[in-house]
Amino acid sequence: MESEYKPEQIESQIQKYWDDNKVFKASEDPNKEKYYCLSMFPYPSGRLHMGHVRNYTIGDVISRYQRMQGKNVLQPMGWDAFGLPAENAAIKNNVPPAKWTRENIDYMREQLKRLGLGYDWERELATCDADYYRWEQWLFTKLYEKGLVYKKTAAVNWCPNDLTVLANEQVIDGKCWRCDTDVEKKDIPQWFMKITDYAEELLDDLDKLDGWPDQVRTMQRNWIGRSQGVEISFAIAGRDEDLKVFTTRPDTLMGVSYVAVAAEHAFATEAGEGHENVAAFIKECAKTDTAEASMETMEKKGIDTGLKAIHPVTGDHVPVFIANFVLMGYGEGAVMAVPAHDQRDYEFASKYGLSINQVIEPLGDEECDLAKAAFTEKGKLVNSGEFDGLTSVDAFEKIASYLEKNNRGKKRTTYRLRDWGVSRQRYWGSPIPIINCDKCGEVAVPEKDLPVRLPEDVEFDGVGSPIKKMPEFYQTSCPSCGGEAVRETDTFDTFMESSWYYARYASSGNDEAMLDERANYWLPVDQYVGGIEHAILHLLYARFFNKLMRDVGLTSNDEPFENLLTQGMVLKDGAKMSKSKGNTVDPQGLIEQYGADTARLFMMFAAPPEQSLEWSDAGVEGASRFLKRLWRQVFEHTESAEASSLNIAALNDGQKALRRQTHETIAKVGDDIGRRYTFNTAIASVMELLNALAKFKDDSEQGRAVMQESLQSVVLLLSPIVPHICHELWTALGQQSVLLDQAWPKVDESALVKDSIQIIVQVNGKLRSRIEVSASASKDDIEAAAIADENVKRFTDGKQVVKVIVVPGKLVNIVVK
């Protein structure tokens, strides 16, 4: 063993050993408990960032720990390789996205290996490879046959910069989540997946996910948004068709003073055809923020259509407005407006001089001043005819029954969740496997013709998708009639690829099926690690995809991820690291300067995984110094005389104390890593033990034996976190076996038993001394030792002892007068 710690040498050697011996290759073994640990795979942008380092180190620590528990561990890695950044890079650098992407993958793979991450690289996948996206195309055709996918012309979120549709979840404060351009509304043909068919199950099954953070489950519940309400039909004066609205507050029905429709509603379109001012307003609405959150704060605007809706109870006529705060995607794209009891409706009515009719009054002492604001609480009905005096709860049922009886409405459960629009008008994505024939209509590509390969040798002019200009790609023949037809030139939303990759890892290499029986061995994922920012987008879609795969017989599990850990961001100077802020730290430079183990140790020690981590150069230096201290401690131990066998019966008090601390540390670190995932406190405990080892000066045979046990324990406890140095130190400590094959150290309960304990001694309730007594001392022995203590005598001599109170294991209180 060399005297100096040289991470650049040992890390490359050990990583080569791991690669050569395929130590992380996972195989199915029904005789062992499996453990599938997965970190969210990266987009191959070209360089790892510190968020990657943190995410993947957390997953690797968990995986290595579980391996030491004797479990059959799978930890794979791949690449979320489709997406718009590759197209932007192609335009900027005049290089095809495929070439740019694969070169980045090669570079980032080496960076991950340099971190010492224990991945089964034989299962590596890239979502841009045809042998991967072939299977999501196959599943799409099966779902098309089952009626779970469909195409329709719909108002969508359109990014005029990226020339593509965005899902609702990809619109952040009215702007594109990638380029920050203002999003518009646009009607175009789109493919949809019926995620709403699974809304109830997606919502209810959240209760099964006890291993998920409550915050994430709440976010998903809110996004799915189950509402119990009443669908009400308003007749339109002079017309045959009705206008349907959905409301969760039928108790306010008698206060309706207008009805509002979305700018995309058929009534709005019709009104716009005959009136330029209406058409101009509709056009303005198409450019406004489409995010629901912004609807609460934006200025409320509207325009009268000239139509009159007929109140289903009173028969009164109320105006029909087009309003910018009504979403076409919610209900039927129309709402009944009750200004007295909805603040949004109140603001609109106040602006346009519409009636504000109170129909609910407080049950208690809540403030209700309609001159100031709407009264939005539930209460008791007033000015509501036959429903007067009912509470809001009772009125819900009474009014629902009245509407049903008169064929003007019915109770209904609705969801905020909308069907998933999966069409994208971009190039770098999986082609949608549909052929459009003038005679046969939409025809799914037959299984024998899959995959529909995306042409990779393309040129970009910066406008739209190149495959839309490539007749050699889109011109084809109809699988049904053989006539001329064209391929769909839209590609899938890239969330399609990331919604099932976890399952493909389990069936890696199978070119005959999307998944096989191995999936049922490995799934569900036991521990999933990734950022909280994926709480809705990715995690909801992955849960949906899992249920789709289950329902076509590919898997047997209901949920994809048993446990979820959402790690915090890496900050510098209080802000998230980003190139635009100029506050990034290059992981490659960090590793080259200090070594991968230092980077890993700092990431695990600086903060609990769920919290943000503040970058600290001093913290990195500190991690490096600790590893050098550990190396030096082992070196000094191994350079002296050879350690003897441990004889527990022959240990003196000092040796017992060190051994006790060693096993207390084993117990604490095992709990911190295995149950609590508080890696920072685990490392702190090992640091305390190493400090104790540095102070332990005992070169006797049993002193060296205790030191040997302690150092071996330290190496085992730290091995999931800093595996390279621990691999080397394990060998230096004379072990012939491979560290990776070692079990987690066991706690010797007998080592935790103390021969003596410290007792506080009080005189008249005041601390006067501390005494050491045998752990097995009787109450009388403790009392005698306390009274005989020299410090105590100073306060009892010449006084009468009235009472002695002994609290075993804690204190003695001597009462004197």
# chains A, B, ... in the order shown; residues from 1 in each chain; ligands from 1
$ residues_around --residues "Gln633 of chain A" --least-positions-apart "3" --cutoff "10 Å" --atoms "only C-alpha atoms" --output "list in words"
Leu627, Lys628, Arg629, Leu630, Glu636, His637, Thr638, Leu690, Leu693, Ala694 and Leu711 of chain A
$ residues_around --residues "Thr584 of chain A" --least-positions-apart "2" --cutoff "10 Å" --atoms "only C-alpha atoms" --output "ChimeraX atom specification"
/A:49-50,570-572,576-582,586-587,615
$ select_by_dssp --residues "segment 381-594 of chain A" --states "helix (DSSP H, G or I)" --output "ChimeraX atom specification"
/A:385-387,392-405,447-449,466-469,471-474,495-498,501-506,517-522,532-534,537-551,587-594
$ write_last_selection --atoms "C-alpha atoms" --output "CSV table (one decimal), in the first residue's frame"
chain,number,residue,atom,x,y,z
A,385,GLY,CA,-87.8,30.3,-4.9
A,386,GLU,CA,-88.7,26.8,-3.7
A,387,PHE,CA,-85.1,26.1,-2.7
A,392,SER,CA,-75.8,24.4,0.1
A,393,VAL,CA,-75.2,20.7,0.8
A,394,ASP,CA,-79.0,19.9,0.8
A,395,ALA,CA,-79.6,22.2,-2.2
A,396,PHE,CA,-77.0,20.2,-4.3
A,397,GLU,CA,-79.2,17.1,-4.2
A,398,LYS,CA,-82.5,18.9,-4.4
A,399,ILE,CA,-81.5,21.0,-7.4
A,400,ALA,CA,-79.8,18.1,-9.1
A,401,SER,CA,-83.0,16.0,-8.7
A,402,TYR,CA,-85.2,18.9,-10.1
A,403,LEU,CA,-83.0,19.2,-13.2
A,404,GLU,CA,-83.0,15.5,-13.8
A,405,LYS,CA,-86.7,15.2,-13.4
A,447,GLU,CA,-46.7,-5.2,-37.2
A,448,LYS,CA,-44.5,-6.8,-39.9
A,449,ASP,CA,-43.7,-3.3,-41.3
A,466,PRO,CA,-37.6,18.0,-42.8
A,467,ILE,CA,-39.5,14.7,-43.1
A,468,LYS,CA,-42.6,16.8,-44.1
A,469,LYS,CA,-40.5,17.7,-47.2
A,471,PRO,CA,-41.7,12.3,-50.3
A,472,GLU,CA,-39.4,9.3,-50.2
A,473,PHE,CA,-40.4,9.0,-46.5
A,474,TYR,CA,-44.1,9.9,-46.5
A,495,PHE,CA,-42.7,11.8,-23.1
A,496,MET,CA,-43.9,8.6,-24.9
A,497,GLU,CA,-40.4,7.3,-24.8
A,498,SER,CA,-39.7,8.1,-21.2
A,501,TYR,CA,-38.2,2.8,-20.6
A,502,TYR,CA,-38.0,1.4,-17.0
A,503,ALA,CA,-39.8,-1.7,-18.2
A,504,ARG,CA,-37.7,-2.2,-21.3
A,505,TYR,CA,-34.6,-2.4,-19.2
A,506,ALA,CA,-36.1,-5.5,-17.6
A,517,GLU,CA,-41.4,-12.7,-18.5
A,518,ARG,CA,-38.3,-11.0,-17.1
A,519,ALA,CA,-40.4,-7.8,-16.6
A,520,ASN,CA,-42.6,-9.6,-14.1
A,521,TYR,CA,-39.4,-10.6,-12.2
A,522,TRP,CA,-38.0,-7.1,-11.9
A,532,ILE,CA,-39.6,16.9,-8.1
A,533,GLU,CA,-40.0,18.8,-11.4
A,534,HIS,CA,-41.2,15.5,-13.0
A,537,LEU,CA,-45.3,15.3,-16.6
A,538,HIS,CA,-43.3,12.2,-16.5
A,539,LEU,CA,-44.6,10.4,-13.4
A,540,LEU,CA,-48.2,10.6,-14.4
A,541,TYR,CA,-47.6,9.4,-18.0
A,542,ALA,CA,-45.4,6.6,-16.7
A,543,ARG,CA,-48.2,5.4,-14.4
A,544,PHE,CA,-50.6,5.6,-17.3
A,545,PHE,CA,-48.3,3.6,-19.6
A,546,ASN,CA,-47.8,1.0,-17.0
A,547,LYS,CA,-51.5,0.4,-16.8
A,548,LEU,CA,-51.8,0.3,-20.6
A,549,MET,CA,-49.0,-2.4,-20.7
A,550,ARG,CA,-50.7,-4.3,-18.0
A,551,ASP,CA,-54.0,-4.3,-19.8
A,587,PRO,CA,-18.1,17.7,-12.9
A,588,GLN,CA,-15.3,16.6,-15.2
A,589,GLY,CA,-13.0,19.2,-13.8
A,590,LEU,CA,-14.0,18.3,-10.3
A,591,ILE,CA,-13.2,14.6,-10.9
A,592,GLU,CA,-9.9,15.3,-12.5
A,593,GLN,CA,-8.8,17.5,-9.7
A,594,TYR,CA,-10.1,15.5,-6.7
$ closest_atom_pairs --of "segment 713-749 of chain A" --to "segment 11-22 of chain A" --cutoff "12 Å" --atoms "only C-alpha atoms" --output "CSV"
residue,atom,partner,partner_atom,distance
A:Val722,CA,A:Glu11,CA,10.3
A:Pro723,CA,A:Glu11,CA,9.0
A:His724,CA,A:Glu11,CA,5.6
A:Ile725,CA,A:Glu11,CA,7.6
A:Cys726,CA,A:Ile14,CA,10.4
A:His727,CA,A:Ile14,CA,7.6
A:Glu728,CA,A:Ile14,CA,8.2
A:Leu729,CA,A:Ile14,CA,11.8
A:Thr731,CA,A:Ile14,CA,11.8
A:Val738,CA,A:Trp18,CA,10.7
A:Leu739,CA,A:Ile14,CA,11.3
A:Leu740,CA,A:Trp18,CA,9.6
$ write_last_selection --atoms "N, CA, C and O atoms" --output "mmCIF file, in the first residue's frame"
data_model
loop_
_atom_site.group_PDB
_atom_site.id
_atom_site.type_symbol
_atom_site.label_atom_id
_atom_site.label_comp_id
_atom_site.auth_asym_id
_atom_site.auth_seq_id
_atom_site.Cartn_x
_atom_site.Cartn_y
_atom_site.Cartn_z
ATOM 1 N N VAL A 722 -18.180 5.847 -1.289
ATOM 2 C CA VAL A 722 -16.870 6.067 -1.924
ATOM 3 C C VAL A 722 -16.279 4.691 -2.264
ATOM 4 O O VAL A 722 -15.373 4.205 -1.582
ATOM 5 N N PRO A 723 -16.756 4.062 -3.320
ATOM 6 C CA PRO A 723 -16.418 2.657 -3.569
ATOM 7 C C PRO A 723 -14.985 2.412 -4.010
ATOM 8 O O PRO A 723 -14.443 1.328 -3.757
ATOM 9 N N HIS A 724 -14.349 3.386 -4.667
ATOM 10 C CA HIS A 724 -12.997 3.142 -5.184
ATOM 11 C C HIS A 724 -11.978 3.030 -4.056
ATOM 12 O O HIS A 724 -11.236 2.043 -3.956
ATOM 13 N N ILE A 725 -11.931 4.043 -3.204
ATOM 14 C CA ILE A 725 -10.952 4.018 -2.112
ATOM 15 C C ILE A 725 -11.226 2.858 -1.177
ATOM 16 O O ILE A 725 -10.290 2.212 -0.674
ATOM 17 N N CYS A 726 -12.492 2.526 -0.970
ATOM 18 C CA CYS A 726 -12.828 1.419 -0.068
ATOM 19 C C CYS A 726 -12.399 0.083 -0.659
ATOM 20 O O CYS A 726 -11.953 -0.816 0.060
ATOM 21 N N HIS A 727 -12.536 -0.054 -1.971
ATOM 22 C CA HIS A 727 -12.062 -1.276 -2.648
ATOM 23 C C HIS A 727 -10.575 -1.467 -2.376
ATOM 24 O O HIS A 727 -10.125 -2.570 -2.038
ATOM 25 N N GLU A 728 -9.815 -0.401 -2.503
ATOM 26 C CA GLU A 728 -8.364 -0.474 -2.309
ATOM 27 C C GLU A 728 -8.000 -0.708 -0.843
ATOM 28 O O GLU A 728 -7.121 -1.516 -0.522
ATOM 29 N N LEU A 729 -8.695 -0.020 0.049
ATOM 30 C CA LEU A 729 -8.386 -0.156 1.478
ATOM 31 C C LEU A 729 -8.768 -1.532 2.005
ATOM 32 O O LEU A 729 -8.114 -2.057 2.912
ATOM 33 N N THR A 731 -8.487 -4.328 0.448
ATOM 34 C CA THR A 731 -7.362 -5.198 0.115
ATOM 35 C C THR A 731 -6.170 -4.895 1.019
ATOM 36 O O THR A 731 -5.482 -5.810 1.500
ATOM 37 N N VAL A 738 -13.356 -9.988 -2.600
ATOM 38 C CA VAL A 738 -13.685 -8.728 -3.267
ATOM 39 C C VAL A 738 -14.673 -7.946 -2.408
ATOM 40 O O VAL A 738 -15.661 -8.492 -1.916
ATOM 41 N N LEU A 739 -14.426 -6.664 -2.257
ATOM 42 C CA LEU A 739 -15.280 -5.840 -1.400
ATOM 43 C C LEU A 739 -16.731 -5.865 -1.849
ATOM 44 O O LEU A 739 -17.645 -5.910 -1.009
ATOM 45 N N LEU A 740 -16.983 -5.832 -3.154
ATOM 46 C CA LEU A 740 -18.351 -5.803 -3.663
ATOM 47 C C LEU A 740 -19.176 -6.999 -3.224
ATOM 48 O O LEU A 740 -20.396 -6.944 -3.167
#
$ closest_residue --among "A:Gln708, A:Asn557, A:Thr665, A:Ser257" --to "Phe348 of chain A" --atoms "only C-alpha atoms"
A:Ser257
$ atom_distance --atom1 "atom CA of Glu241 of chain A" --atom2 "atom CA of Val335 of chain A"
16.1 Å
$ residues_around --residues "Leu209 of chain A" --least-positions-apart "3" --cutoff "7 Å" --atoms "only C-alpha atoms" --output "PyMOL selection string"
chain A and resi 206+212+562
$ write_last_selection --atoms "all heavy atoms" --output "CSV table (one decimal), in the first residue's frame"
chain,number,residue,atom,x,y,z
A,206,LEU,N,-53.2,6.2,-6.2
A,206,LEU,CA,-52.2,7.1,-5.5
A,206,LEU,C,-52.2,6.7,-4.0
A,206,LEU,O,-51.2,6.8,-3.3
A,206,LEU,CB,-52.5,8.5,-5.6
A,206,LEU,CG,-52.3,9.2,-7.0
A,206,LEU,CD1,-52.9,10.6,-7.0
A,206,LEU,CD2,-50.8,9.3,-7.2
A,212,TRP,N,-44.1,7.1,-1.8
A,212,TRP,CA,-44.0,8.4,-2.5
A,212,TRP,C,-44.1,9.6,-1.6
A,212,TRP,O,-44.9,9.5,-0.6
A,212,TRP,CB,-45.0,8.5,-3.6
A,212,TRP,CG,-44.8,7.6,-4.8
A,212,TRP,CD1,-44.3,6.4,-4.9
A,212,TRP,CD2,-45.1,8.0,-6.2
A,212,TRP,NE1,-44.3,5.9,-6.2
A,212,TRP,CE2,-44.7,6.9,-7.0
A,212,TRP,CE3,-45.6,9.2,-6.8
A,212,TRP,CZ2,-44.9,6.9,-8.4
A,212,TRP,CZ3,-45.7,9.2,-8.1
A,212,TRP,CH2,-45.4,8.1,-8.9
A,562,GLU,N,-42.4,1.6,-6.9
A,562,GLU,CA,-42.9,1.3,-5.5
A,562,GLU,C,-42.5,2.5,-4.6
A,562,GLU,O,-43.3,2.9,-3.8
A,562,GLU,CB,-42.2,0.1,-5.0
A,562,GLU,CG,-42.8,-0.5,-3.7
A,562,GLU,CD,-44.0,-1.3,-3.9
A,562,GLU,OE1,-44.3,-1.7,-5.0
A,562,GLU,OE2,-44.8,-1.4,-2.9
$ closest_residue --among "A:Asp197, A:Val259, A:Asp597, A:Asn72" --to "Ile10 of chain A" --atoms "only C-alpha atoms"
A:Asp597
$ select_by_dssp --residues "segment 278-378 of chain A" --states "strand (DSSP E)" --output "PDB file with N, CA and C atoms, in the first residue's frame"
ATOM      1  N   GLY A 302     -64.312  40.032 -22.191  1.00  0.00           N
ATOM      2  CA  GLY A 302     -65.358  39.274 -22.872  1.00  0.00           C
ATOM      3  C   GLY A 302     -66.072  40.114 -23.914  1.00  0.00           C
ATOM      4  N   ILE A 303     -66.958  39.447 -24.669  1.00  0.00           N
ATOM      5  CA  ILE A 303     -67.764  40.135 -25.674  1.00  0.00           C
ATOM      6  C   ILE A 303     -69.068  39.370 -25.838  1.00  0.00           C
ATOM      7  N   ASP A 304     -70.145  40.084 -25.997  1.00  0.00           N
ATOM      8  CA  ASP A 304     -71.483  39.492 -26.088  1.00  0.00           C
ATOM      9  C   ASP A 304     -71.670  38.839 -27.451  1.00  0.00           C
ATOM     10  N   THR A 305     -72.171  37.599 -27.475  1.00  0.00           N
ATOM     11  CA  THR A 305     -72.439  36.907 -28.749  1.00  0.00           C
ATOM     12  C   THR A 305     -73.761  37.330 -29.362  1.00  0.00           C
ATOM     13  N   GLY A 306     -74.617  37.937 -28.551  1.00  0.00           N
ATOM     14  CA  GLY A 306     -75.971  38.258 -29.008  1.00  0.00           C
ATOM     15  C   GLY A 306     -76.964  37.150 -28.718  1.00  0.00           C
ATOM     16  N   LEU A 307     -76.471  35.970 -28.340  1.00  0.00           N
ATOM     17  CA  LEU A 307     -77.340  34.846 -28.007  1.00  0.00           C
ATOM     18  C   LEU A 307     -77.865  34.999 -26.583  1.00  0.00           C
ATOM     19  N   LYS A 308     -79.037  34.370 -26.323  1.00  0.00           N
ATOM     20  CA  LYS A 308     -79.617  34.364 -24.994  1.00  0.00           C
ATOM     21  C   LYS A 308     -79.820  32.924 -24.532  1.00  0.00           C
ATOM     22  N   ALA A 309     -79.316  32.646 -23.331  1.00  0.00           N
ATOM     23  CA  ALA A 309     -79.540  31.332 -22.731  1.00  0.00           C
ATOM     24  C   ALA A 309     -80.769  31.407 -21.827  1.00  0.00           C
ATOM     25  N   ILE A 310     -81.531  30.305 -21.805  1.00  0.00           N
ATOM     26  CA  ILE A 310     -82.768  30.270 -21.019  1.00  0.00           C
ATOM     27  C   ILE A 310     -82.507  29.515 -19.715  1.00  0.00           C
ATOM     28  N   HIS A 317     -84.136  34.906 -19.532  1.00  0.00           N
ATOM     29  CA  HIS A 317     -83.113  34.934 -20.568  1.00  0.00           C
ATOM     30  C   HIS A 317     -81.870  35.665 -20.030  1.00  0.00           C
ATOM     31  N   VAL A 318     -80.718  35.048 -20.210  1.00  0.00           N
ATOM     32  CA  VAL A 318     -79.461  35.672 -19.778  1.00  0.00           C
ATOM     33  C   VAL A 318     -78.505  35.698 -20.963  1.00  0.00           C
ATOM     34  N   PRO A 319     -77.620  36.697 -21.048  1.00  0.00           N
ATOM     35  CA  PRO A 319     -76.729  36.812 -22.206  1.00  0.00           C
ATOM     36  C   PRO A 319     -75.655  35.732 -22.222  1.00  0.00           C
ATOM     37  N   VAL A 320     -75.217  35.412 -23.453  1.00  0.00           N
ATOM     38  CA  VAL A 320     -74.114  34.475 -23.645  1.00  0.00           C
ATOM     39  C   VAL A 320     -72.898  35.277 -24.099  1.00  0.00           C
ATOM     40  N   PHE A 321     -71.847  35.284 -23.268  1.00  0.00           N
ATOM     41  CA  PHE A 321     -70.617  36.013 -23.568  1.00  0.00           C
ATOM     42  C   PHE A 321     -69.520  35.044 -24.016  1.00  0.00           C
ATOM     43  N   ILE A 322     -68.616  35.552 -24.822  1.00  0.00           N
ATOM     44  CA  ILE A 322     -67.327  34.887 -25.027  1.00  0.00           C
ATOM     45  C   ILE A 322     -66.390  35.504 -24.000  1.00  0.00           C
ATOM     46  N   ALA A 323     -65.703  34.664 -23.217  1.00  0.00           N
ATOM     47  CA  ALA A 323     -64.839  35.182 -22.149  1.00  0.00           C
ATOM     48  C   ALA A 323     -63.453  34.557 -22.248  1.00  0.00           C
ATOM     49  N   ALA A 334     -67.915  25.794 -21.567  1.00  0.00           N
ATOM     50  CA  ALA A 334     -68.895  26.827 -21.197  1.00  0.00           C
ATOM     51  C   ALA A 334     -69.109  26.772 -19.693  1.00  0.00           C
ATOM     52  N   VAL A 335     -69.400  27.931 -19.096  1.00  0.00           N
ATOM     53  CA  VAL A 335     -69.650  27.982 -17.662  1.00  0.00           C
ATOM     54  C   VAL A 335     -70.880  28.832 -17.395  1.00  0.00           C
ATOM     55  N   MET A 336     -71.611  28.490 -16.336  1.00  0.00           N
ATOM     56  CA  MET A 336     -72.664  29.383 -15.866  1.00  0.00           C
ATOM     57  C   MET A 336     -72.020  30.359 -14.901  1.00  0.00           C
ATOM     58  N   ALA A 337     -72.343  31.619 -15.000  1.00  0.00           N
ATOM     59  CA  ALA A 337     -71.684  32.646 -14.202  1.00  0.00           C
ATOM     60  C   ALA A 337     -72.612  33.143 -13.103  1.00  0.00           C
ATOM     61  N   ILE A 360     -76.966  33.025  -1.842  1.00  0.00           N
ATOM     62  CA  ILE A 360     -76.405  32.299  -0.699  1.00  0.00           C
ATOM     63  C   ILE A 360     -76.102  33.324   0.394  1.00  0.00           C
ATOM     64  N   GLU A 361     -76.507  33.011   1.618  1.00  0.00           N
ATOM     65  CA  GLU A 361     -76.136  33.861   2.749  1.00  0.00           C
ATOM     66  C   GLU A 361     -75.368  33.009   3.756  1.00  0.00           C
TER      67      GLU A 361
END
$ residues_around --residues "segment 62-65 of chain A" --least-positions-apart "3" --cutoff "8 Å" --atoms "only C-alpha atoms" --output "NGL selection string"
:A and (35 or 37 or 58-59 or 68-69 or 73-75 or 118 or 673-674 or 719-720 or 744)
$ residues_around --residues "Thr57 of chain A" --least-positions-apart "4" --cutoff "7 Å" --atoms "only C-alpha atoms" --output "PDB file with N, CA, C and O atoms, in the first residue's frame"
ATOM      1  N   VAL A  53     -24.811  14.431 -11.296  1.00  0.00           N
ATOM      2  CA  VAL A  53     -23.887  13.775 -10.359  1.00  0.00           C
ATOM      3  C   VAL A  53     -24.614  13.427  -9.066  1.00  0.00           C
ATOM      4  O   VAL A  53     -24.477  12.317  -8.525  1.00  0.00           O
ATOM      5  N   VAL A  61     -25.540   4.732  -4.437  1.00  0.00           N
ATOM      6  CA  VAL A  61     -25.355   4.415  -3.012  1.00  0.00           C
ATOM      7  C   VAL A  61     -26.435   3.434  -2.553  1.00  0.00           C
ATOM      8  O   VAL A  61     -26.143   2.443  -1.867  1.00  0.00           O
ATOM      9  N   ARG A 600     -18.415  12.277  -4.997  1.00  0.00           N
ATOM     10  CA  ARG A 600     -19.517  11.506  -4.441  1.00  0.00           C
ATOM     11  C   ARG A 600     -19.716  11.816  -2.960  1.00  0.00           C
ATOM     12  O   ARG A 600     -20.837  11.998  -2.486  1.00  0.00           O
TER      13      ARG A 600
END
$ closest_atom_pairs --of "segment 183-234 of chain A" --to "segment 133-151 of chain A" --cutoff "6 Å" --atoms "only C-alpha atoms" --output "JSON lines"
{"residue": "A:Gln190", "atom": "CA", "partner": "A:Lys151", "partner_atom": "CA", "distance": 5.4}
{"residue": "A:Trp191", "atom": "CA", "partner": "A:Lys151", "partner_atom": "CA", "distance": 4.3}
{"residue": "A:Phe192", "atom": "CA", "partner": "A:Tyr150", "partner_atom": "CA", "distance": 5.4}
{"residue": "A:Met193", "atom": "CA", "partner": "A:Val149", "partner_atom": "CA", "distance": 4.5}
{"residue": "A:Lys194", "atom": "CA", "partner": "A:Leu148", "partner_atom": "CA", "distance": 5.2}
$ atom_distance --atom1 "atom CA of Met108 of chain A" --atom2 "atom CA of Ser507 of chain A"
23.7 Å
$ closest_residue --among "A:Glu367, A:Asp205, A:Glu8, A:Glu621" --to "Leu601 of chain A" --atoms "only C-alpha atoms"
A:Glu621
$ residues_around --residues "Asp741 of chain A" --least-positions-apart "4" --cutoff "10 Å" --atoms "only C-alpha atoms" --output "count of residues only"
5
